[in-house]
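Listing of upload23.pdb, PDB, C-alpha atoms
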ATOM      1  CA  MET A   1      68.904 -47.056 101.914  1.00  0.00           C
ATOM      2  CA  ARG A   2      70.021 -48.480 105.226  1.00  0.00           C
ATOM      3  CA  LEU A   3      68.377 -51.517 106.785  1.00  0.00           C
ATOM      4  CA  ILE A   4      68.424 -51.565 110.600  1.00  0.00           C
ATOM      5  CA  TRP A   5      67.343 -54.615 112.608  1.00  0.00           C
ATOM      6  CA  ARG A   6      67.827 -56.257 115.979  1.00  0.00           C
ATOM      7  CA  ASP A   7      69.685 -59.566 115.907  1.00  0.00           C
ATOM      8  CA  PRO A   8      67.458 -62.133 117.669  1.00  0.00           C
ATOM      9  CA  GLY A   9      70.469 -64.093 118.970  1.00  0.00           C
ATOM     10  CA  SER A  10      72.507 -61.303 120.516  1.00  0.00           C
ATOM     11  CA  GLY A  11      69.932 -58.522 120.796  1.00  0.00           C
ATOM     12  CA  ARG A  12      72.433 -56.171 119.092  1.00  0.00           C
ATOM     13  CA  THR A  13      71.253 -53.566 116.630  1.00  0.00           C
ATOM     14  CA  LEU A  14      72.744 -54.305 113.202  1.00  0.00           C
ATOM     15  CA  THR A  15      72.745 -52.263 110.002  1.00  0.00           C
ATOM     16  CA  TRP A  16      73.460 -52.886 106.344  1.00  0.00           C
ATOM     17  CA  VAL A  17      73.557 -50.653 103.269  1.00  0.00           C
ATOM     18  CA  PRO A  18      72.995 -52.584 100.027  1.00  0.00           C
ATOM     19  CA  GLN A  19      75.335 -51.607  97.202  1.00  0.00           C
ATOM     20  CA  LEU A  20      72.757 -51.214  94.467  1.00  0.00           C
ATOM     21  CA  PHE A  21      69.165 -50.080  94.194  1.00  0.00           C
ATOM     22  CA  ALA A  22      67.503 -50.213  90.778  1.00  0.00           C
ATOM     23  CA  ARG A  23      63.969 -49.632  89.648  1.00  0.00           C
ATOM     24  CA  TYR A  24      62.862 -51.485  86.522  1.00  0.00           C
ATOM     25  CA  ALA A  25      60.803 -49.772  83.816  1.00  0.00           C
ATOM     26  CA  GLU A  26      57.656 -51.606  84.899  1.00  0.00           C
ATOM     27  CA  GLY A  27      58.083 -50.316  88.472  1.00  0.00           C
ATOM     28  CA  SER A  28      59.496 -53.272  90.422  1.00  0.00           C
ATOM     29  CA  ALA A  29      62.661 -52.785  92.460  1.00  0.00           C
ATOM     30  CA  LEU A  30      65.930 -54.625  93.002  1.00  0.00           C
ATOM     31  CA  LEU A  31      68.408 -54.403  95.875  1.00  0.00           C
ATOM     32  CA  ALA A  32      71.750 -56.108  95.323  1.00  0.00           C
ATOM     33  CA  ASP A  33      75.101 -56.631  96.979  1.00  0.00           C
ATOM     34  CA  CYS A  34      78.298 -57.716  95.276  1.00  0.00           C
ATOM     35  CA  PRO A  35      80.899 -58.684  97.859  1.00  0.00           C
ATOM     36  CA  ALA A  36      84.554 -58.140  96.995  1.00  0.00           C
ATOM     37  CA  ALA A  37      85.395 -61.663  98.187  1.00  0.00           C
ATOM     38  CA  ALA A  38      83.609 -64.916  98.890  1.00  0.00           C
ATOM     39  CA  GLY A  39      85.805 -65.924 101.852  1.00  0.00           C
ATOM     40  CA  PRO A  40      85.287 -65.608 105.619  1.00  0.00           C
ATOM     41  CA  ALA A  41      85.523 -61.804 105.446  1.00  0.00           C
ATOM     42  CA  ALA A  42      82.174 -61.906 103.641  1.00  0.00           C
ATOM     43  CA  GLY A  43      80.459 -63.567 106.651  1.00  0.00           C
ATOM     44  CA  ARG A  44      78.719 -60.414 107.879  1.00  0.00           C
ATOM     45  CA  ALA A  45      77.391 -59.800 104.362  1.00  0.00           C
ATOM     46  CA  ALA A  46      76.129 -63.370 104.138  1.00  0.00           C
ATOM     47  CA  ARG A  47      74.251 -62.996 107.454  1.00  0.00           C
ATOM     48  CA  ALA A  48      72.775 -59.684 106.304  1.00  0.00           C
ATOM     49  CA  ALA A  49      71.632 -61.298 103.042  1.00  0.00           C
ATOM     50  CA  ALA A  50      68.982 -63.400 104.811  1.00  0.00           C
ATOM     51  CA  VAL A  51      67.573 -60.327 106.572  1.00  0.00           C
ATOM     52  CA  LEU A  52      67.651 -58.283 103.352  1.00  0.00           C
ATOM     53  CA  ALA A  53      65.908 -61.017 101.372  1.00  0.00           C
ATOM     54  CA  ALA A  54      63.109 -61.197 103.951  1.00  0.00           C
ATOM     55  CA  ALA A  55      62.734 -57.396 104.129  1.00  0.00           C
ATOM     56  CA  CYS A  56      62.660 -57.109 100.347  1.00  0.00           C
ATOM     57  CA  ALA A  57      60.065 -59.871 100.049  1.00  0.00           C
ATOM     58  CA  ALA A  58      57.899 -58.052 102.606  1.00  0.00           C
ATOM     59  CA  VAL A  59      57.792 -54.878 100.470  1.00  0.00           C
ATOM     60  CA  GLY A  60      57.745 -56.526  97.030  1.00  0.00           C
ATOM     61  CA  PHE A  61      61.399 -55.911  96.119  1.00  0.00           C
ATOM     62  CA  THR A  62      63.842 -58.489  94.777  1.00  0.00           C
ATOM     63  CA  TYR A  63      67.154 -59.016  96.586  1.00  0.00           C
ATOM     64  CA  ARG A  64      70.202 -60.559  94.948  1.00  0.00           C
ATOM     65  CA  ARG A  65      73.608 -61.331  96.359  1.00  0.00           C
ATOM     66  CA  LEU A  66      75.832 -61.340  93.316  1.00  0.00           C
ATOM     67  CA  VAL A  67      78.970 -63.378  92.810  1.00  0.00           C
ATOM     68  CA  PRO A  68      82.217 -61.472  93.372  1.00  0.00           C
ATOM     69  CA  PRO A  69      83.780 -60.455  90.050  1.00  0.00           C
ATOM     70  CA  ASP A  70      86.776 -62.281  88.631  1.00  0.00           C
ATOM     71  CA  LYS A  71      90.043 -60.642  89.798  1.00  0.00           C
ATOM     72  CA  VAL A  72      91.067 -59.638  86.273  1.00  0.00           C
ATOM     73  CA  VAL A  73      87.647 -58.130  85.515  1.00  0.00           C
ATOM     74  CA  ALA A  74      87.670 -56.273  88.844  1.00  0.00           C
ATOM     75  CA  ALA A  75      91.179 -54.893  88.164  1.00  0.00           C
ATOM     76  CA  ASN A  76      90.204 -53.761  84.660  1.00  0.00           C
ATOM     77  CA  VAL A  77      87.009 -52.092  85.867  1.00  0.00           C
ATOM     78  CA  ARG A  78      88.910 -50.372  88.702  1.00  0.00           C
ATOM     79  CA  TRP A  79      91.428 -49.065  86.155  1.00  0.00           C
ATOM     80  CA  LEU A  80      88.750 -47.797  83.756  1.00  0.00           C
ATOM     81  CA  ALA A  81      86.792 -46.238  86.639  1.00  0.00           C
ATOM     82  CA  GLY A  82      89.744 -43.912  87.118  1.00  0.00           C
ATOM     83  CA  TYR A  83      88.792 -42.387  83.758  1.00  0.00           C
ATOM     84  CA  ARG A  84      85.025 -42.127  84.293  1.00  0.00           C
ATOM     85  CA  HIS A  85      85.049 -38.373  84.954  1.00  0.00           C
ATOM     86  CA  PRO A  86      83.623 -36.359  82.036  1.00  0.00           C
ATOM     87  CA  ARG A  87      86.849 -34.332  81.768  1.00  0.00           C
ATOM     88  CA  HIS A  88      88.403 -37.372  80.041  1.00  0.00           C
ATOM     89  CA  ARG A  89      85.705 -37.651  77.373  1.00  0.00           C
ATOM     90  CA  ASP A  90      87.246 -35.155  74.944  1.00  0.00           C
ATOM     91  CA  ALA A  91      90.589 -34.396  76.586  1.00  0.00           C
ATOM     92  CA  GLY A  92      92.852 -32.683  74.088  1.00  0.00           C
ATOM     93  CA  GLY A  93      89.979 -32.551  71.590  1.00  0.00           C
ATOM     94  CA  LEU A  94      90.631 -36.192  70.651  1.00  0.00           C
ATOM     95  CA  GLU A  95      87.254 -37.830  71.228  1.00  0.00           C
ATOM     96  CA  GLN A  96      86.253 -38.014  67.562  1.00  0.00           C
ATOM     97  CA  ALA A  97      89.729 -39.173  66.506  1.00  0.00           C
ATOM     98  CA  VAL A  98      89.733 -41.928  69.139  1.00  0.00           C
ATOM     99  CA  LEU A  99      86.271 -43.177  68.130  1.00  0.00           C
ATOM    100  CA  GLU A 100      87.233 -43.079  64.433  1.00  0.00           C
ATOM    101  CA  ALA A 101      90.448 -45.006  65.173  1.00  0.00           C
ATOM    102  CA  PHE A 102      88.296 -47.907  66.413  1.00  0.00           C
ATOM    103  CA  THR A 103      85.560 -48.038  63.755  1.00  0.00           C
ATOM    104  CA  GLU A 104      87.048 -51.481  63.110  1.00  0.00           C
ATOM    105  CA  PRO A 105      88.524 -53.649  65.894  1.00  0.00           C
ATOM    106  CA  ARG A 106      92.224 -53.000  66.463  1.00  0.00           C
ATOM    107  CA  PRO A 107      94.793 -53.271  69.270  1.00  0.00           C
ATOM    108  CA  LEU A 108      94.467 -50.653  72.006  1.00  0.00           C
ATOM    109  CA  MET A 109      97.865 -49.001  71.544  1.00  0.00           C
ATOM    110  CA  ALA A 110      97.674 -48.991  67.732  1.00  0.00           C
ATOM    111  CA  GLY A 111      94.325 -47.177  67.934  1.00  0.00           C
ATOM    112  CA  ALA A 112      95.648 -44.683  70.490  1.00  0.00           C
ATOM    113  CA  ALA A 113      98.622 -43.925  68.215  1.00  0.00           C
ATOM    114  CA  ALA A 114      96.322 -43.551  65.196  1.00  0.00           C
ATOM    115  CA  ALA A 115      94.181 -41.042  67.115  1.00  0.00           C
ATOM    116  CA  GLY A 116      97.071 -38.713  67.911  1.00  0.00           C
ATOM    117  CA  GLU A 117      99.577 -38.307  70.728  1.00  0.00           C
ATOM    118  CA  VAL A 118      99.331 -41.581  72.669  1.00  0.00           C
ATOM    119  CA  LEU A 119      99.579 -40.069  76.161  1.00  0.00           C
ATOM    120  CA  THR A 120      96.801 -37.622  75.329  1.00  0.00           C
ATOM    121  CA  ALA A 121      94.644 -40.207  73.529  1.00  0.00           C
ATOM    122  CA  LEU A 122      94.774 -42.910  76.229  1.00  0.00           C
ATOM    123  CA  PRO A 123      92.573 -41.104  78.818  1.00  0.00           C
ATOM    124  CA  VAL A 124      89.977 -40.474  76.083  1.00  0.00           C
ATOM    125  CA  LEU A 125      90.181 -44.118  74.998  1.00  0.00           C
ATOM    126  CA  TYR A 126      89.791 -45.381  78.583  1.00  0.00           C
ATOM    127  CA  HIS A 127      86.821 -43.064  79.139  1.00  0.00           C
ATOM    128  CA  ALA A 128      85.222 -44.394  75.934  1.00  0.00           C
ATOM    129  CA  LEU A 129      85.734 -47.953  77.220  1.00  0.00           C
ATOM    130  CA  TRP A 130      84.220 -46.980  80.595  1.00  0.00           C
ATOM    131  CA  SER A 131      81.187 -45.351  78.976  1.00  0.00           C
ATOM    132  CA  GLY A 132      80.547 -48.159  76.469  1.00  0.00           C
ATOM    133  CA  ARG A 133      81.358 -46.172  73.329  1.00  0.00           C
ATOM    134  CA  LEU A 134      84.242 -48.612  72.849  1.00  0.00           C
ATOM    135  CA  THR A 135      84.411 -52.187  74.071  1.00  0.00           C
ATOM    136  CA  ALA A 136      87.077 -54.775  74.913  1.00  0.00           C
ATOM    137  CA  ASP A 137      87.263 -58.193  76.552  1.00  0.00           C
ATOM    138  CA  LEU A 138      87.643 -57.265  80.228  1.00  0.00           C
ATOM    139  CA  GLU A 139      88.202 -60.886  81.240  1.00  0.00           C
ATOM    140  CA  ARG A 140      91.783 -60.545  80.023  1.00  0.00           C
ATOM    141  CA  PRO A 141      94.247 -57.952  81.359  1.00  0.00           C
ATOM    142  CA  LEU A 142      94.039 -54.644  79.497  1.00  0.00           C
ATOM    143  CA  GLY A 143      97.235 -53.975  77.613  1.00  0.00           C
ATOM    144  CA  GLU A 144      98.686 -52.654  74.410  1.00  0.00           C
ATOM    145  CA  HIS A 145      97.479 -55.654  72.379  1.00  0.00           C
ATOM    146  CA  THR A 146      93.914 -55.740  73.787  1.00  0.00           C
ATOM    147  CA  LEU A 147      91.484 -55.731  70.875  1.00  0.00           C
ATOM    148  CA  VAL A 148      89.194 -52.677  71.106  1.00  0.00           C
ATOM    149  CA  SER A 149      85.977 -52.396  69.072  1.00  0.00           C
ATOM    150  CA  PRO A 150      83.110 -49.929  68.687  1.00  0.00           C
ATOM    151  CA  GLY A 151      80.704 -50.328  71.594  1.00  0.00           C
ATOM    152  CA  PRO A 152      76.904 -50.325  71.677  1.00  0.00           C
ATOM    153  CA  ALA A 153      76.937 -46.711  72.894  1.00  0.00           C
ATOM    154  CA  ALA A 154      79.240 -45.543  70.068  1.00  0.00           C
ATOM    155  CA  GLY A 155      76.369 -43.898  68.193  1.00  0.00           C
ATOM    156  CA  GLU A 156      75.415 -41.733  71.185  1.00  0.00           C
ATOM    157  CA  ALA A 157      78.379 -39.392  70.629  1.00  0.00           C
ATOM    158  CA  GLU A 158      77.264 -38.827  67.038  1.00  0.00           C
ATOM    159  CA  GLN A 159      73.665 -38.183  68.141  1.00  0.00           C
ATOM    160  CA  GLU A 160      74.837 -35.658  70.761  1.00  0.00           C
ATOM    161  CA  GLN A 161      76.956 -33.814  68.169  1.00  0.00           C
ATOM    162  CA  HIS A 162      74.036 -33.605  65.713  1.00  0.00           C
ATOM    163  CA  ALA A 163      71.722 -32.350  68.464  1.00  0.00           C
ATOM    164  CA  SER A 164      73.975 -29.409  69.315  1.00  0.00           C
TER     165      SER A 164
END
As structure tokens, what does this structure read like?
Amino acid sequence: MRLIWRDPGSGRTLTWVPQLFARYAEGSALLADCPAAAGPAAGRAARAAAVLAAACAAVGFTYRRLVPPDKVVAANVRWLAGYRHPRHRDAGGLEQAVLEAFTEPRPLMAGAAAAGEVLTALPVLYHALWSGRLTADLERPLGEHTLVSPGPAAGEAEQEQHAS
């Protein structure tokens, strides 16, 4: 979705593409932006927010301008996003071993070593963190001692295996 409007002050045509569109189960809609920074560079986004809020209100949508993520969280999510591709899910045939290594919380590197060859297990582990089958505190830098636990989506892998 791209919003296009004429700025009343300058007469210039301006555009903005919100970062997120979501439709809730009951049918209402949400548009949201999450700027990378809150400083002066975010000025254009802040000006667009007022126009977006008014446009959303006119059509019954909700608009939210979210707070930029903490730098550590953003760095961790950027790192894990590098492993979001499905090819990492069962790389080297280690998916089940990685998930079993973290049935109880344990440090990231200890679980990777328990699952098999560390360099082969790490992409699978990072993909499982990205997809929610494993979980860790992303407010602290990811590292070898990061405590990793089963995630809320851990059971989905088992359900998919039983379905096939």
query = For the atom pair CA of Leu125 (chain A) and CA of Val98 (chain A), what is the interatomic distance in Å to one decimal place?
reply =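 It comes out at 6.3 Å.
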Which value, in Å to one decimal, gives the distance between CA of Pro35 (chain A) and CA of Ala75 (chain A)?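 Between CA of Pro35 (chain A) and CA of Ala75 (chain A) the gap is 14.6 Å.
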Between CA of Gly27 (chain A) and CA of His85 (chain A), what distance in Å does the model show, to one decimal?
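According to the coordinates, CA of Gly27 (chain A) and CA of His85 (chain A) are separated by 29.7 Å.
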**Message:** Which residues would end up in the selection if the PyMOL selection byres ((chain A and resi 88) around 10) were applied here, given that I need the answer as a list in words?
**Reply:**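 Evaluating the PyMOL selection byres ((chain A and resi 88) around 10) on these coordinates yields Gly82, Tyr83, Arg84, His85, Pro86, Arg87, Arg89, Asp90, Ala91, Gly92, Gly93, Leu94, Glu95, Thr120, Ala121, Leu122, Pro123, Val124, Leu125, Tyr126, His127 and Ala128 of chain A.
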Output, as lines of an AutoDock Vina configuration file, the centre and edge lengths in Å (one decimal) of the axis-aligned box that contains all listed atoms of region 8-23 of chain A with 8 Å of margin on each side.
center_x = 69.7
center_y = -56.9
center_z = 105.2
size_x = 27.4
size_y = 30.5
size_z = 47.1
Output region 62-73 of chain A with all heavy atoms present, as a compact mmCIF listing (two decimals), in the coordinates of the input.
# COMPACT_ATOMS: atom_id res chain seq x y z
N THR A 62 63.01 -57.31 94.99
CA THR A 62 63.84 -58.49 94.78
C THR A 62 65.20 -58.19 95.39
O THR A 62 65.71 -57.08 95.26
CB THR A 62 64.03 -58.77 93.27
OG1 THR A 62 62.75 -59.00 92.68
CG2 THR A 62 64.91 -59.97 93.02
N TYR A 63 65.80 -59.17 96.05
CA TYR A 63 67.15 -59.02 96.59
C TYR A 63 68.05 -60.06 95.94
O TYR A 63 67.66 -61.22 95.82
CB TYR A 63 67.19 -59.19 98.11
CG TYR A 63 68.61 -59.16 98.64
CD1 TYR A 63 69.32 -57.96 98.69
CD2 TYR A 63 69.26 -60.32 99.03
CE1 TYR A 63 70.62 -57.92 99.15
CE2 TYR A 63 70.56 -60.29 99.48
CZ TYR A 63 71.24 -59.09 99.53
OH TYR A 63 72.54 -59.06 99.97
N ARG A 64 69.23 -59.63 95.52
CA ARG A 64 70.20 -60.56 94.95
C ARG A 64 71.56 -60.31 95.58
O ARG A 64 71.98 -59.17 95.75
CB ARG A 64 70.32 -60.35 93.44
CG ARG A 64 69.10 -60.80 92.70
CD ARG A 64 69.45 -61.20 91.28
NE ARG A 64 68.25 -61.69 90.64
CZ ARG A 64 67.58 -61.04 89.71
NH1 ARG A 64 68.01 -59.88 89.29
NH2 ARG A 64 66.50 -61.55 89.20
N ARG A 65 72.21 -61.39 95.91
CA ARG A 65 73.61 -61.33 96.36
C ARG A 65 74.41 -61.87 95.19
O ARG A 65 74.36 -63.05 94.87
CB ARG A 65 73.79 -62.18 97.61
CG ARG A 65 75.18 -62.12 98.16
CD ARG A 65 75.20 -62.64 99.59
NE ARG A 65 76.49 -63.11 99.98
CZ ARG A 65 77.48 -62.31 100.35
NH1 ARG A 65 77.32 -61.02 100.35
NH2 ARG A 65 78.64 -62.81 100.70
N LEU A 66 75.11 -61.00 94.53
CA LEU A 66 75.83 -61.34 93.32
C LEU A 66 77.16 -62.01 93.63
O LEU A 66 77.70 -61.86 94.72
CB LEU A 66 76.04 -60.07 92.48
CG LEU A 66 74.77 -59.27 92.20
CD1 LEU A 66 75.10 -57.95 91.54
CD2 LEU A 66 73.81 -60.09 91.34
N VAL A 67 77.69 -62.70 92.67
CA VAL A 67 78.97 -63.38 92.81
C VAL A 67 80.09 -62.34 92.68
O VAL A 67 80.00 -61.45 91.83
CB VAL A 67 79.13 -64.44 91.69
CG1 VAL A 67 80.45 -65.16 91.80
CG2 VAL A 67 77.98 -65.42 91.73
N PRO A 68 81.11 -62.43 93.51
CA PRO A 68 82.22 -61.47 93.37
C PRO A 68 82.80 -61.55 91.96
O PRO A 68 82.88 -62.64 91.37
CB PRO A 68 83.25 -61.94 94.40
CG PRO A 68 82.48 -62.76 95.37
CD PRO A 68 81.35 -63.39 94.59
N PRO A 69 83.22 -60.43 91.41
CA PRO A 69 83.78 -60.46 90.05
C PRO A 69 85.13 -61.16 90.03
O PRO A 69 85.85 -61.20 91.03
CB PRO A 69 83.94 -58.98 89.69
CG PRO A 69 84.04 -58.27 91.01
CD PRO A 69 83.20 -59.08 91.96
N ASP A 70 85.47 -61.69 88.86
CA ASP A 70 86.78 -62.28 88.63
C ASP A 70 87.85 -61.21 88.91
O ASP A 70 87.62 -60.03 88.66
CB ASP A 70 86.84 -62.75 87.17
CG ASP A 70 88.21 -63.23 86.78
OD1 ASP A 70 88.59 -64.35 87.16
OD2 ASP A 70 88.93 -62.43 86.11
N LYS A 71 89.00 -61.61 89.42
CA LYS A 71 90.04 -60.64 89.80
C LYS A 71 90.51 -59.80 88.62
O LYS A 71 90.76 -58.60 88.77
CB LYS A 71 91.23 -61.37 90.43
CG LYS A 71 90.91 -61.90 91.80
CD LYS A 71 92.09 -62.59 92.42
CE LYS A 71 91.65 -63.17 93.75
NZ LYS A 71 92.69 -63.53 94.62
N VAL A 72 90.62 -60.39 87.45
CA VAL A 72 91.07 -59.64 86.27
C VAL A 72 90.00 -58.62 85.88
O VAL A 72 90.31 -57.45 85.60
CB VAL A 72 91.41 -60.57 85.09
CG1 VAL A 72 91.67 -59.80 83.82
CG2 VAL A 72 92.61 -61.44 85.44
N VAL A 73 88.74 -59.05 85.85
CA VAL A 73 87.65 -58.13 85.52
C VAL A 73 87.60 -56.98 86.52
O VAL A 73 87.51 -55.81 86.14
CB VAL A 73 86.29 -58.86 85.47
CG1 VAL A 73 85.13 -57.88 85.32
CG2 VAL A 73 86.26 -59.89 84.34
